[in-house]
Amino acid sequence: MKFATIYSFTIMKKLGTIKQSTSFMTTYVGKKWTKLKYKGQTGYILSKELTYYAERANPYDSAVTISKCLTKKVNALKAAEAEGDIQKIVEKLYPTLENSAKDMKEELLREGLTKSQIAKFKKESYNPAEKQANRMKKMVQAWDLYTKSAYNMIDVKYTEARE
């Protein structure tokens with residue numbers, strides 16, 4: 001592969017590309033995505049597009065990074081919910097929370113964490129995130145039904161007006 005694409009994960013906007021053999025620092029390595037710093041920006045790249053020349057990050061440090069990210073996303077969801085910003089929740093916050101929760105679950109299954117560390121991360125970030133994601137999933141499903149119904153109503157009114 002001659003190039004790999006870097007994305008801003010929160011909105012999946014393309015930030016740029018990295019040429020083959022370019023070195024950079026990663027801050028988190030997941031099964032699907034790797035978080036990196038490149039040219040002063042934080043971005044995400046598909047893990048399968050990378051070749052690693054060093055060991056993966058310490059499992060505890062990696063879990064701490066994901067845990068902090070997960071907590072921020074839960075807090076952002078709560079704030080958007082308090083503001084009534086359903087569109088932001090549906091389009092941006094819920095999908096990223098769901099992905100981060102999956103990353104945390106993978107990280108907790110990784111070798112190198114003690115049982116007490118796993119219990120701590122579950123209590124502090126994974127379980128609250130999972131609870132919030134389940135609540136938001138219901139809201140997202142309701143929003144999808146509402147928008148589909150509203151779209152169908154517009155279509156019905158348009159059809160009636162033509163006849």
# chains A, B, ... in the order shown; residues from 1 in each chain; ligands from 1
>>> select_by_dssp(residues="chain A", states="helix (DSSP H, G or I)", output="PyMOL selection string")
chain A and resi 47-49+59-83+86-109+115-162
>>> write_last_selection(atoms="C-alpha atoms", output="compact mmCIF listing (two decimals), in the first residue's frame")
# COMPACT_ATOMS: atom_id res chain seq x y z
CA SER A 47 -4.84 -0.75 11.96
CA LYS A 48 -4.58 -3.25 9.11
CA GLU A 49 -2.84 -0.58 7.00
CA PRO A 59 -1.93 -2.73 28.22
CA TYR A 60 -2.65 -0.64 31.32
CA ASP A 61 -1.67 2.65 29.65
CA SER A 62 -3.73 1.78 26.60
CA ALA A 63 -6.74 0.92 28.77
CA VAL A 64 -6.35 4.23 30.66
CA THR A 65 -6.38 6.13 27.35
CA ILE A 66 -9.52 4.37 26.14
CA SER A 67 -11.17 4.74 29.53
CA LYS A 68 -10.64 8.52 29.52
CA CYS A 69 -11.95 8.76 25.97
CA LEU A 70 -15.00 6.68 26.88
CA THR A 71 -15.75 8.85 29.92
CA LYS A 72 -15.53 12.03 27.79
CA LYS A 73 -17.94 10.55 25.25
CA VAL A 74 -20.43 9.55 27.95
CA ASN A 75 -20.27 13.09 29.38
CA ALA A 76 -20.73 14.61 25.90
CA LEU A 77 -23.79 12.41 25.35
CA LYS A 78 -25.26 13.44 28.69
CA ALA A 79 -24.70 17.12 27.84
CA ALA A 80 -26.30 16.76 24.40
CA GLU A 81 -29.23 14.93 25.97
CA ALA A 82 -29.67 17.73 28.53
CA GLU A 83 -29.65 20.26 25.66
CA ILE A 86 -31.07 14.60 19.39
CA GLN A 87 -29.61 15.07 15.94
CA LYS A 88 -26.10 15.44 17.40
CA ILE A 89 -26.62 12.32 19.51
CA VAL A 90 -27.89 10.25 16.58
CA GLU A 91 -25.42 11.38 13.94
CA LYS A 92 -22.22 11.93 15.92
CA LEU A 93 -22.09 10.98 19.57
CA TYR A 94 -23.88 7.63 19.74
CA PRO A 95 -21.87 5.96 16.94
CA THR A 96 -18.54 7.06 18.43
CA LEU A 97 -19.56 5.94 21.93
CA GLU A 98 -20.57 2.57 20.59
CA ASN A 99 -17.20 2.15 18.82
CA SER A 100 -15.23 3.26 21.87
CA ALA A 101 -17.15 0.83 24.08
CA LYS A 102 -16.22 -1.97 21.68
CA ASP A 103 -12.57 -0.86 21.83
CA MET A 104 -12.68 -0.90 25.64
CA LYS A 105 -14.21 -4.36 25.66
CA GLU A 106 -11.39 -5.60 23.37
CA GLU A 107 -8.80 -3.94 25.59
CA LEU A 108 -10.20 -5.60 28.71
CA LEU A 109 -9.79 -8.99 27.03
CA LYS A 115 -8.29 -8.92 37.43
CA SER A 116 -8.41 -5.88 39.72
CA GLN A 117 -7.45 -3.55 36.85
CA ILE A 118 -10.15 -5.07 34.65
CA ALA A 119 -12.72 -4.66 37.46
CA LYS A 120 -11.66 -1.03 37.94
CA PHE A 121 -12.00 -0.16 34.23
CA LYS A 122 -15.35 -1.92 34.02
CA LYS A 123 -16.68 -0.01 37.02
CA GLU A 124 -15.26 3.40 36.09
CA SER A 125 -15.83 3.55 32.34
CA TYR A 126 -17.01 0.45 30.49
CA ASN A 127 -20.17 -0.32 32.49
CA PRO A 128 -21.38 3.34 32.56
CA ALA A 129 -20.64 3.66 28.82
CA GLU A 130 -22.46 0.42 28.05
CA LYS A 131 -25.46 1.59 30.12
CA GLN A 132 -25.49 4.96 28.33
CA ALA A 133 -25.10 3.30 24.91
CA ASN A 134 -28.06 1.02 25.60
CA ARG A 135 -30.20 3.98 26.66
CA MET A 136 -29.14 5.98 23.61
CA LYS A 137 -29.74 3.02 21.30
CA LYS A 138 -33.42 3.20 22.19
CA MET A 139 -33.44 6.95 21.51
CA VAL A 140 -31.68 6.45 18.18
CA GLN A 141 -34.20 3.78 17.17
CA ALA A 142 -37.10 6.06 18.13
CA TRP A 143 -35.53 8.94 16.18
CA ASP A 144 -35.12 6.70 13.11
CA LEU A 145 -38.79 5.71 13.30
CA TYR A 146 -39.83 9.35 13.72
CA THR A 147 -37.77 10.61 10.79
CA LYS A 148 -38.98 7.78 8.52
CA SER A 149 -42.58 8.50 9.52
CA ALA A 150 -42.14 12.22 8.93
CA TYR A 151 -40.56 11.55 5.53
CA ASN A 152 -43.44 9.24 4.58
CA MET A 153 -45.98 11.89 5.66
CA ILE A 154 -44.29 14.49 3.44
CA ASP A 155 -44.40 12.02 0.55
CA VAL A 156 -48.11 11.34 1.16
CA LYS A 157 -48.94 15.08 1.25
CA TYR A 158 -47.01 15.63 -1.98
CA THR A 159 -48.83 12.76 -3.70
CA GLU A 160 -52.22 14.06 -2.55
CA ALA A 161 -51.43 17.57 -3.74
CA ARG A 162 -50.59 16.34 -7.25
>>> select_by_dssp(residues="range 6-105 of chain A", states="strand (DSSP E or B)", output="number ranges by chain")
A: 6-8, 13-19, 25-29, 33-38, 41-46
>>> write_last_selection(atoms="N, CA and C atoms", output="compact mmCIF listing (two decimals), in the first residue's frame")
# COMPACT_ATOMS: atom_id res chain seq x y z
N ILE A 6 -5.84 9.09 6.92
CA ILE A 6 -6.04 9.47 8.32
C ILE A 6 -7.39 10.15 8.42
N TYR A 7 -8.18 9.74 9.43
CA TYR A 7 -9.52 10.30 9.63
C TYR A 7 -9.64 10.97 10.98
N SER A 8 -10.52 11.98 11.04
CA SER A 8 -10.97 12.52 12.31
C SER A 8 -12.12 11.62 12.72
N LYS A 13 -14.15 12.58 8.99
CA LYS A 13 -13.65 13.49 7.97
C LYS A 13 -12.21 13.11 7.65
N LYS A 14 -11.88 13.07 6.38
CA LYS A 14 -10.52 12.74 5.97
C LYS A 14 -9.59 13.90 6.32
N LEU A 15 -8.57 13.60 7.11
CA LEU A 15 -7.61 14.62 7.51
C LEU A 15 -6.41 14.67 6.58
N GLY A 16 -6.12 13.57 5.93
CA GLY A 16 -4.97 13.52 5.04
C GLY A 16 -4.54 12.10 4.78
N THR A 17 -3.36 11.96 4.18
CA THR A 17 -2.82 10.64 3.90
C THR A 17 -1.37 10.57 4.38
N ILE A 18 -0.94 9.36 4.65
CA ILE A 18 0.44 9.11 5.05
C ILE A 18 1.06 8.21 4.00
N LYS A 19 2.24 8.59 3.53
CA LYS A 19 2.94 7.76 2.55
C LYS A 19 3.49 6.52 3.22
N MET A 25 3.94 8.46 15.79
CA MET A 25 3.66 7.92 17.12
C MET A 25 2.18 7.54 17.22
N THR A 26 1.93 6.37 17.77
CA THR A 26 0.54 5.97 18.03
C THR A 26 0.26 6.15 19.51
N THR A 27 -0.97 6.52 19.82
CA THR A 27 -1.36 6.67 21.22
C THR A 27 -2.29 5.56 21.66
N TYR A 28 -2.85 4.84 20.69
CA TYR A 28 -3.70 3.69 21.00
C TYR A 28 -3.74 2.80 19.77
N VAL A 29 -3.63 1.50 19.99
CA VAL A 29 -3.72 0.53 18.91
C VAL A 29 -4.87 -0.41 19.20
N TRP A 33 -8.95 0.22 14.57
CA TRP A 33 -8.43 1.59 14.41
C TRP A 33 -7.23 1.83 15.32
N THR A 34 -6.33 2.67 14.84
CA THR A 34 -5.18 3.10 15.62
C THR A 34 -5.24 4.62 15.73
N LYS A 35 -5.10 5.13 16.94
CA LYS A 35 -5.10 6.57 17.18
C LYS A 35 -3.66 7.05 17.07
N LEU A 36 -3.47 8.17 16.38
CA LEU A 36 -2.11 8.65 16.16
C LEU A 36 -2.02 10.17 16.21
N LYS A 37 -0.82 10.64 16.39
CA LYS A 37 -0.50 12.07 16.29
C LYS A 37 0.37 12.23 15.06
N TYR A 38 -0.04 13.11 14.17
CA TYR A 38 0.72 13.34 12.95
C TYR A 38 0.55 14.80 12.53
N GLN A 41 -1.86 16.90 14.58
CA GLN A 41 -3.28 16.54 14.63
C GLN A 41 -3.43 15.14 15.21
N THR A 42 -4.56 14.93 15.87
CA THR A 42 -4.91 13.59 16.31
C THR A 42 -5.84 13.02 15.27
N GLY A 43 -5.54 11.80 14.84
CA GLY A 43 -6.36 11.16 13.83
C GLY A 43 -6.42 9.67 14.05
N TYR A 44 -7.14 9.00 13.19
CA TYR A 44 -7.30 7.56 13.28
C TYR A 44 -7.04 6.95 11.91
N ILE A 45 -6.42 5.78 11.93
CA ILE A 45 -6.08 5.09 10.70
C ILE A 45 -6.44 3.61 10.90
N LEU A 46 -6.83 2.96 9.84
CA LEU A 46 -7.15 1.53 9.95
C LEU A 46 -5.90 0.77 10.37
